[in-house]
Amino acid sequence: MYRLNVMVLGLIGLLPLGVLAQETTASKPPIRVSDRARAIHQNAPVVDGHNDLPWAIRETERTLAQFDLSTSQPQFHTDIPRLRQGGVGAQFWSVFVPTSTSAKGNSLTTTLEQIDLVKRMVAAYPTTFGLAGSTADIERICGEGKIASLIGVEGGHSIENSLNVLRQLYKQGARYMTLTHSMSLPWADSCSDEEISGGLSAFGEEVVREMNRMGMIVDLSHVSPACMRQALTVTKAPVMFSHSSARKVADHPRNVPDDVLKLTAENGGVVMINFFPDFVNAVDARRSLLRSTMRKRFNQEFSEDLERADGELRKWEQANPRSDACDIHDVLDHIDHVVKVAGIDHVGLGSDYDGVPALPKQLGDVSTYPVITQGMLDRGYTEEQIRKVLGGNILRVFRQVEKVSQTLSQ
Ligand SMILES: [Zn+2]
């Protein structure tokens, strides 16, 4: 889920987007997937860090049973035939719920409903999916030719400030939790909101320690850079960024700064690259920040009539569309950058499919992962390196998280 809350963006000002668009570099030719890339890809199951299909299904206001995921579902980025084409071996399904549930007091209820949806989806297609709670489960389920299905909680608002609830979510199958979504919490700051505790509060540190103890992966996507740094100091286990890209390549607060990339390498963690154009293409990233500024402005101007504010923002979006320049090469640039700064052991894929309103050319849905394999071959990566990025690195992180949990529980 990409939504950004209000942001103060003094540097962006009101630079016309036409100026930004002029910086767009000439597009590179499309990538064609060779037999060699297909062969490598087939033997290297993709382990993707973030897919929002559960929320996309909920938003249709139809029930899971009304969709036959074993057939083409063009209204989503995800269905079973395309997961198979994409060579997906394991997927962290996001049980995202909006931060607006906090005000209504039903973050936990909604999260439990989304966990239930994932479990029902897995149960409805038993020859395709298997529910995984460990690396041993992932290996077993992949070995059976199925797609290992894991649960990721997107935003600490889901625990409603309770370590007990955090433990209950682990028992329900959650194996990572993103510390925040787009709203700062009393105990952890978001990159998309005003800071409250300057990173993590004392309770926030306790949350990280409890996740380490249980064996739940600490996910630092969406949090502020100060929160990233502090969590990396506190954690005893490797972290993940389930769906974040590199800030040096596209200067967006949802991305990871270079110093944090280095800290993540020292920590043994993994940055799983998000495909959303607003985070991977430099021009689209600046438009996205400008859009956030405009949203804040309209919300202030029409504070008595938020529908009008939404309408004004839609008009602005129509007048200032994305560049349409973003393609697979942008995503490969982020992989290259994380490899350059952190190393080949610290990059993975966290597509954000079904959680974003736009995608790069050639990466339009879950069937397209082989294009990344070809793109990496074209850029000189070896088969072993490609296997790490497609899934090996996140599996190593999860295995280490399990080991640390065993040590801390003794
Ligand atoms: Zn998200």
# chains A, B, ... in the order shown; residues from 1 in each chain; ligands from 1
>>> closest_atom_pairs(of="chain A", to="ligand 1", cutoff="9 Å", atoms="only C-alpha atoms and all ligand atoms", output="tab-separated table")
residue	atom	partner	partner_atom_place_in_ligand_line	distance
A:Met1	CA	ligand 1	1 (Zn)	3.6
A:Tyr2	CA	ligand 1	1 (Zn)	4.9
A:Arg3	CA	ligand 1	1 (Zn)	7.4
A:His50	CA	ligand 1	1 (Zn)	8.0
A:Asp52	CA	ligand 1	1 (Zn)	8.6
A:Ser94	CA	ligand 1	1 (Zn)	8.8
A:Phe96	CA	ligand 1	1 (Zn)	8.0
A:Glu154	CA	ligand 1	1 (Zn)	6.8
A:Gly155	CA	ligand 1	1 (Zn)	8.6
A:Thr178	CA	ligand 1	1 (Zn)	8.6
A:His181	CA	ligand 1	1 (Zn)	6.7
A:Ser182	CA	ligand 1	1 (Zn)	8.2
A:Ser221	CA	ligand 1	1 (Zn)	7.2
A:His222	CA	ligand 1	1 (Zn)	6.6
A:Ser242	CA	ligand 1	1 (Zn)	8.4
A:His243	CA	ligand 1	1 (Zn)	6.7
A:Ser244	CA	ligand 1	1 (Zn)	8.4
A:Arg254	CA	ligand 1	1 (Zn)	8.9
A:Asp352	CA	ligand 1	1 (Zn)	7.0
A:Gly355	CA	ligand 1	1 (Zn)	7.2
A:Val356	CA	ligand 1	1 (Zn)	8.7
>>> write_last_selection(atoms="C-alpha atoms", output="short mmCIF file (atom, residue, chain, number, x, y, z; two decimals), in the first residue's frame")
data_model
loop_
_atom_site.label_atom_id
_atom_site.label_comp_id
_atom_site.auth_asym_id
_atom_site.auth_seq_id
_atom_site.Cartn_x
_atom_site.Cartn_y
_atom_site.Cartn_z
CA MET A 1 0.00 0.00 0.00
CA TYR A 2 1.49 3.26 -1.06
CA ARG A 3 -0.67 5.94 0.50
CA HIS A 50 4.72 -7.77 -0.25
CA ASP A 52 -1.77 -6.63 -1.24
CA SER A 94 0.00 -8.36 3.37
CA PHE A 96 -2.77 -4.34 5.54
CA GLU A 154 1.55 -3.82 7.56
CA GLY A 155 1.65 -1.26 10.33
CA THR A 178 6.00 -3.33 9.38
CA HIS A 181 2.21 2.50 7.91
CA SER A 182 1.66 6.12 6.83
CA SER A 221 9.41 -0.19 5.17
CA HIS A 222 7.27 2.94 5.76
CA SER A 242 9.42 -5.74 2.71
CA HIS A 243 8.72 -3.20 -0.08
CA SER A 244 11.16 -0.26 -0.30
CA ARG A 254 9.51 5.74 1.31
CA ASP A 352 3.64 -4.23 -3.84
CA GLY A 355 -1.33 -2.29 -3.51
CA VAL A 356 -0.36 0.34 -6.09
#
>>> residues_around(residues="range 82-92 of chain A", least_positions_apart="4", cutoff="8 Å", atoms="only C-alpha atoms", output="ChimeraX atom specification")
/A:41-42,44-51,72,78,138,142,146-152,365-370
>>> select_by_dssp(residues="range 163-381 of chain A", states="strand (DSSP E or B)", output="NGL selection string")
:A and (174-178 or 185 or 188 or 190 or 200 or 217-219 or 223 or 240-241 or 246 or 256 or 270-273 or 327 or 347-349 or 353 or 361)
>>> write_last_selection(atoms="N, CA and C atoms", output="PDB file, in the first residue's frame")
ATOM      1  N   ALA A 174       1.276 -14.415  11.720  1.00  0.00           N
ATOM      2  CA  ALA A 174       2.027 -13.272  11.174  1.00  0.00           C
ATOM      3  C   ALA A 174       3.528 -13.499  11.384  1.00  0.00           C
ATOM      4  N   ARG A 175       4.297 -13.342  10.300  1.00  0.00           N
ATOM      5  CA  ARG A 175       5.736 -13.585  10.406  1.00  0.00           C
ATOM      6  C   ARG A 175       6.584 -12.334  10.121  1.00  0.00           C
ATOM      7  N   TYR A 176       5.951 -11.256   9.708  1.00  0.00           N
ATOM      8  CA  TYR A 176       6.634  -9.971   9.816  1.00  0.00           C
ATOM      9  C   TYR A 176       5.611  -8.927  10.207  1.00  0.00           C
ATOM     10  N   MET A 177       6.131  -7.836  10.795  1.00  0.00           N
ATOM     11  CA  MET A 177       5.272  -6.674  11.008  1.00  0.00           C
ATOM     12  C   MET A 177       6.062  -5.436  10.600  1.00  0.00           C
ATOM     13  N   THR A 178       5.458  -4.633   9.730  1.00  0.00           N
ATOM     14  CA  THR A 178       5.999  -3.333   9.375  1.00  0.00           C
ATOM     15  C   THR A 178       5.707  -2.426  10.574  1.00  0.00           C
ATOM     16  N   LEU A 185       3.032   6.474  15.046  1.00  0.00           N
ATOM     17  CA  LEU A 185       2.367   5.897  16.221  1.00  0.00           C
ATOM     18  C   LEU A 185       3.026   6.487  17.456  1.00  0.00           C
ATOM     19  N   ALA A 188       6.437   4.648  17.282  1.00  0.00           N
ATOM     20  CA  ALA A 188       7.294   4.531  16.096  1.00  0.00           C
ATOM     21  C   ALA A 188       6.870   5.570  15.066  1.00  0.00           C
ATOM     22  N   SER A 190       6.559   7.301  11.338  1.00  0.00           N
ATOM     23  CA  SER A 190       6.414   6.973   9.923  1.00  0.00           C
ATOM     24  C   SER A 190       7.195   7.985   9.082  1.00  0.00           C
ATOM     25  N   LEU A 200      12.036   5.627  17.602  1.00  0.00           N
ATOM     26  CA  LEU A 200      11.276   4.631  18.378  1.00  0.00           C
ATOM     27  C   LEU A 200      11.214   5.093  19.825  1.00  0.00           C
ATOM     28  N   ILE A 217       9.808 -11.237  11.838  1.00  0.00           N
ATOM     29  CA  ILE A 217      10.793 -10.365  11.174  1.00  0.00           C
ATOM     30  C   ILE A 217      10.387  -8.898  11.349  1.00  0.00           C
ATOM     31  N   VAL A 218      11.350  -8.068  11.738  1.00  0.00           N
ATOM     32  CA  VAL A 218      11.113  -6.625  11.880  1.00  0.00           C
ATOM     33  C   VAL A 218      11.186  -6.006  10.484  1.00  0.00           C
ATOM     34  N   ASP A 219      10.069  -5.396  10.050  1.00  0.00           N
ATOM     35  CA  ASP A 219       9.995  -4.798   8.713  1.00  0.00           C
ATOM     36  C   ASP A 219      10.078  -3.278   8.840  1.00  0.00           C
ATOM     37  N   VAL A 223       8.804   3.309   7.675  1.00  0.00           N
ATOM     38  CA  VAL A 223       9.183   4.064   8.880  1.00  0.00           C
ATOM     39  C   VAL A 223      10.151   5.189   8.515  1.00  0.00           C
ATOM     40  N   MET A 240      14.076  -6.773   7.610  1.00  0.00           N
ATOM     41  CA  MET A 240      13.710  -6.692   6.201  1.00  0.00           C
ATOM     42  C   MET A 240      13.093  -5.323   5.934  1.00  0.00           C
ATOM     43  N   PHE A 241      13.230  -4.874   4.697  1.00  0.00           N
ATOM     44  CA  PHE A 241      12.367  -3.814   4.165  1.00  0.00           C
ATOM     45  C   PHE A 241      11.491  -4.556   3.168  1.00  0.00           C
ATOM     46  N   ALA A 246      15.618   2.340  -3.291  1.00  0.00           N
ATOM     47  CA  ALA A 246      16.811   3.080  -2.868  1.00  0.00           C
ATOM     48  C   ALA A 246      16.603   4.585  -3.048  1.00  0.00           C
ATOM     49  N   VAL A 256      15.052   3.909   0.976  1.00  0.00           N
ATOM     50  CA  VAL A 256      16.059   3.700   2.014  1.00  0.00           C
ATOM     51  C   VAL A 256      17.323   4.507   1.692  1.00  0.00           C
ATOM     52  N   VAL A 270      17.769  -7.409   4.584  1.00  0.00           N
ATOM     53  CA  VAL A 270      17.493  -7.391   3.142  1.00  0.00           C
ATOM     54  C   VAL A 270      16.520  -6.262   2.801  1.00  0.00           C
ATOM     55  N   VAL A 271      16.823  -5.558   1.707  1.00  0.00           N
ATOM     56  CA  VAL A 271      15.946  -4.507   1.187  1.00  0.00           C
ATOM     57  C   VAL A 271      15.246  -5.068  -0.049  1.00  0.00           C
ATOM     58  N   MET A 272      13.927  -5.231   0.047  1.00  0.00           N
ATOM     59  CA  MET A 272      13.173  -5.867  -1.033  1.00  0.00           C
ATOM     60  C   MET A 272      12.539  -4.758  -1.879  1.00  0.00           C
ATOM     61  N   ILE A 273      13.001  -4.664  -3.125  1.00  0.00           N
ATOM     62  CA  ILE A 273      12.713  -3.511  -3.978  1.00  0.00           C
ATOM     63  C   ILE A 273      11.234  -3.448  -4.365  1.00  0.00           C
ATOM     64  N   ASP A 327      10.025   2.095 -16.306  1.00  0.00           N
ATOM     65  CA  ASP A 327      10.026   0.739 -16.855  1.00  0.00           C
ATOM     66  C   ASP A 327      10.930  -0.172 -16.028  1.00  0.00           C
ATOM     67  N   VAL A 347      19.677  -7.637  -1.052  1.00  0.00           N
ATOM     68  CA  VAL A 347      18.610  -7.113  -1.910  1.00  0.00           C
ATOM     69  C   VAL A 347      17.638  -8.223  -2.285  1.00  0.00           C
ATOM     70  N   GLY A 348      16.371  -7.874  -2.359  1.00  0.00           N
ATOM     71  CA  GLY A 348      15.321  -8.821  -2.735  1.00  0.00           C
ATOM     72  C   GLY A 348      14.216  -8.099  -3.484  1.00  0.00           C
ATOM     73  N   LEU A 349      13.061  -8.745  -3.639  1.00  0.00           N
ATOM     74  CA  LEU A 349      11.942  -8.171  -4.389  1.00  0.00           C
ATOM     75  C   LEU A 349      10.700  -8.074  -3.502  1.00  0.00           C
ATOM     76  N   TYR A 353       2.484  -5.578  -5.534  1.00  0.00           N
ATOM     77  CA  TYR A 353       1.378  -5.850  -6.467  1.00  0.00           C
ATOM     78  C   TYR A 353       0.045  -5.796  -5.723  1.00  0.00           C
ATOM     79  N   LYS A 361       6.590  -0.327 -16.960  1.00  0.00           N
ATOM     80  CA  LYS A 361       6.428  -1.131 -18.176  1.00  0.00           C
ATOM     81  C   LYS A 361       7.191  -2.448 -18.000  1.00  0.00           C
TER      82      LYS A 361
END
>>> residues_around(residues="Leu169 in chain A", least_positions_apart="3", cutoff="10 Å", atoms="only C-alpha atoms", output="PDB file with N, CA and C atoms, in the first residue's frame")
ATOM      1  N   LEU A 108      -7.400  -3.895  15.034  1.00  0.00           N
ATOM      2  CA  LEU A 108      -7.137  -5.313  15.304  1.00  0.00           C
ATOM      3  C   LEU A 108      -8.213  -6.197  14.674  1.00  0.00           C
ATOM      4  N   THR A 111      -7.628  -6.387  11.031  1.00  0.00           N
ATOM      5  CA  THR A 111      -6.439  -7.197  10.743  1.00  0.00           C
ATOM      6  C   THR A 111      -6.763  -8.687  10.868  1.00  0.00           C
ATOM      7  N   LEU A 112      -7.483  -9.056  11.917  1.00  0.00           N
ATOM      8  CA  LEU A 112      -7.846 -10.473  12.102  1.00  0.00           C
ATOM      9  C   LEU A 112      -8.733 -10.953  10.950  1.00  0.00           C
ATOM     10  N   ILE A 115      -6.369 -11.608   8.096  1.00  0.00           N
ATOM     11  CA  ILE A 115      -5.626 -12.868   8.310  1.00  0.00           C
ATOM     12  C   ILE A 115      -6.531 -14.044   7.959  1.00  0.00           C
ATOM     13  N   ILE A 151       2.201 -14.572   6.092  1.00  0.00           N
ATOM     14  CA  ILE A 151       1.371 -13.426   6.467  1.00  0.00           C
ATOM     15  C   ILE A 151       2.262 -12.307   7.002  1.00  0.00           C
ATOM     16  N   GLY A 152       2.088 -11.097   6.446  1.00  0.00           N
ATOM     17  CA  GLY A 152       2.813  -9.922   6.930  1.00  0.00           C
ATOM     18  C   GLY A 152       1.837  -8.857   7.384  1.00  0.00           C
ATOM     19  N   VAL A 153       2.029  -8.359   8.605  1.00  0.00           N
ATOM     20  CA  VAL A 153       1.172  -7.290   9.130  1.00  0.00           C
ATOM     21  C   VAL A 153       1.787  -5.955   8.708  1.00  0.00           C
ATOM     22  N   SER A 158      -1.858  -2.054  14.023  1.00  0.00           N
ATOM     23  CA  SER A 158      -2.652  -3.280  14.171  1.00  0.00           C
ATOM     24  C   SER A 158      -2.557  -3.872  15.575  1.00  0.00           C
ATOM     25  N   ILE A 159      -1.465  -3.591  16.318  1.00  0.00           N
ATOM     26  CA  ILE A 159      -1.350  -4.210  17.656  1.00  0.00           C
ATOM     27  C   ILE A 159      -2.009  -3.356  18.742  1.00  0.00           C
ATOM     28  N   LEU A 163       1.660  -5.439  23.571  1.00  0.00           N
ATOM     29  CA  LEU A 163       2.581  -6.546  23.270  1.00  0.00           C
ATOM     30  C   LEU A 163       1.835  -7.871  23.279  1.00  0.00           C
ATOM     31  N   ASN A 164       0.813  -7.952  24.099  1.00  0.00           N
ATOM     32  CA  ASN A 164       0.008  -9.168  24.135  1.00  0.00           C
ATOM     33  C   ASN A 164      -0.640  -9.414  22.770  1.00  0.00           C
ATOM     34  N   VAL A 165      -1.185  -8.336  22.187  1.00  0.00           N
ATOM     35  CA  VAL A 165      -1.806  -8.478  20.859  1.00  0.00           C
ATOM     36  C   VAL A 165      -0.748  -8.861  19.825  1.00  0.00           C
ATOM     37  N   LEU A 166       0.452  -8.266  19.944  1.00  0.00           N
ATOM     38  CA  LEU A 166       1.546  -8.640  19.034  1.00  0.00           C
ATOM     39  C   LEU A 166       1.776 -10.154  19.102  1.00  0.00           C
ATOM     40  N   GLN A 172      -1.392 -16.205  15.305  1.00  0.00           N
ATOM     41  CA  GLN A 172      -2.297 -16.284  14.149  1.00  0.00           C
ATOM     42  C   GLN A 172      -1.541 -16.499  12.832  1.00  0.00           C
ATOM     43  N   GLY A 173      -0.211 -16.458  12.892  1.00  0.00           N
ATOM     44  CA  GLY A 173       0.573 -16.757  11.698  1.00  0.00           C
ATOM     45  C   GLY A 173       1.386 -15.605  11.142  1.00  0.00           C
ATOM     46  N   ALA A 174       1.276 -14.415  11.720  1.00  0.00           N
ATOM     47  CA  ALA A 174       2.027 -13.272  11.174  1.00  0.00           C
ATOM     48  C   ALA A 174       3.528 -13.499  11.384  1.00  0.00           C
ATOM     49  N   ARG A 175       4.297 -13.342  10.300  1.00  0.00           N
ATOM     50  CA  ARG A 175       5.736 -13.585  10.406  1.00  0.00           C
ATOM     51  C   ARG A 175       6.584 -12.334  10.121  1.00  0.00           C
ATOM     52  N   TYR A 176       5.951 -11.256   9.708  1.00  0.00           N
ATOM     53  CA  TYR A 176       6.634  -9.971   9.816  1.00  0.00           C
ATOM     54  C   TYR A 176       5.611  -8.927  10.207  1.00  0.00           C
ATOM     55  N   MET A 177       6.131  -7.836  10.795  1.00  0.00           N
ATOM     56  CA  MET A 177       5.272  -6.674  11.008  1.00  0.00           C
ATOM     57  C   MET A 177       6.062  -5.436  10.600  1.00  0.00           C
ATOM     58  N   MET A 216       9.544 -13.059  14.787  1.00  0.00           N
ATOM     59  CA  MET A 216       8.788 -12.289  13.787  1.00  0.00           C
ATOM     60  C   MET A 216       9.769 -11.293  13.166  1.00  0.00           C
TER      61      MET A 216
END
>>> select_by_dssp(residues="range 192-243 of chain A", states="helix (DSSP H, G or I)", output="PDB file with C-alpha atoms, in the first residue's frame")
ATOM      1  CA  ALA A 202      11.019   2.921  24.800  1.00  0.00           C
ATOM      2  CA  PHE A 203       7.872   0.882  24.081  1.00  0.00           C
ATOM      3  CA  GLY A 204       8.857   0.748  20.400  1.00  0.00           C
ATOM      4  CA  GLU A 205      12.182  -0.786  21.421  1.00  0.00           C
ATOM      5  CA  GLU A 206      10.267  -3.355  23.459  1.00  0.00           C
ATOM      6  CA  VAL A 207       8.183  -4.197  20.387  1.00  0.00           C
ATOM      7  CA  VAL A 208      11.364  -4.866  18.393  1.00  0.00           C
ATOM      8  CA  ARG A 209      12.819  -7.022  21.185  1.00  0.00           C
ATOM      9  CA  GLU A 210       9.592  -9.015  21.508  1.00  0.00           C
ATOM     10  CA  MET A 211       9.538  -9.596  17.742  1.00  0.00           C
ATOM     11  CA  ASN A 212      13.139 -10.853  17.967  1.00  0.00           C
ATOM     12  CA  ARG A 213      12.201 -13.171  20.821  1.00  0.00           C
ATOM     13  CA  MET A 214       9.193 -14.643  18.989  1.00  0.00           C
ATOM     14  CA  PRO A 225      14.991   7.154   8.656  1.00  0.00           C
ATOM     15  CA  ALA A 226      15.504   7.836  12.403  1.00  0.00           C
ATOM     16  CA  CYS A 227      13.220   4.911  13.214  1.00  0.00           C
ATOM     17  CA  MET A 228      15.141   2.687  10.728  1.00  0.00           C
ATOM     18  CA  ARG A 229      18.456   3.586  12.381  1.00  0.00           C
ATOM     19  CA  GLN A 230      17.161   3.094  15.898  1.00  0.00           C
ATOM     20  CA  ALA A 231      15.498  -0.237  15.122  1.00  0.00           C
ATOM     21  CA  LEU A 232      18.747  -1.411  13.516  1.00  0.00           C
ATOM     22  CA  THR A 233      20.552  -0.544  16.749  1.00  0.00           C
ATOM     23  CA  VAL A 234      18.053  -2.397  18.953  1.00  0.00           C
TER      24      VAL A 234
END
>>> closest_residue(among="A:Cys191, A:Leu313, A:Ala237, A:Cys326", to="Phe298 in chain A", atoms="only C-alpha atoms")
A:Leu313
>>> closest_residue(among="A:Pro30, A:Pro81, A:Arg58, A:Ser100", to="Leu363 in chain A", atoms="only C-alpha atoms")
A:Pro30
>>> residues_around(residues="Phe275 in chain A", least_positions_apart="2", cutoff="7 Å", atoms="only C-alpha atoms", output="ChimeraX atom specification")
/A:273,277,280,331,351-352,359-360
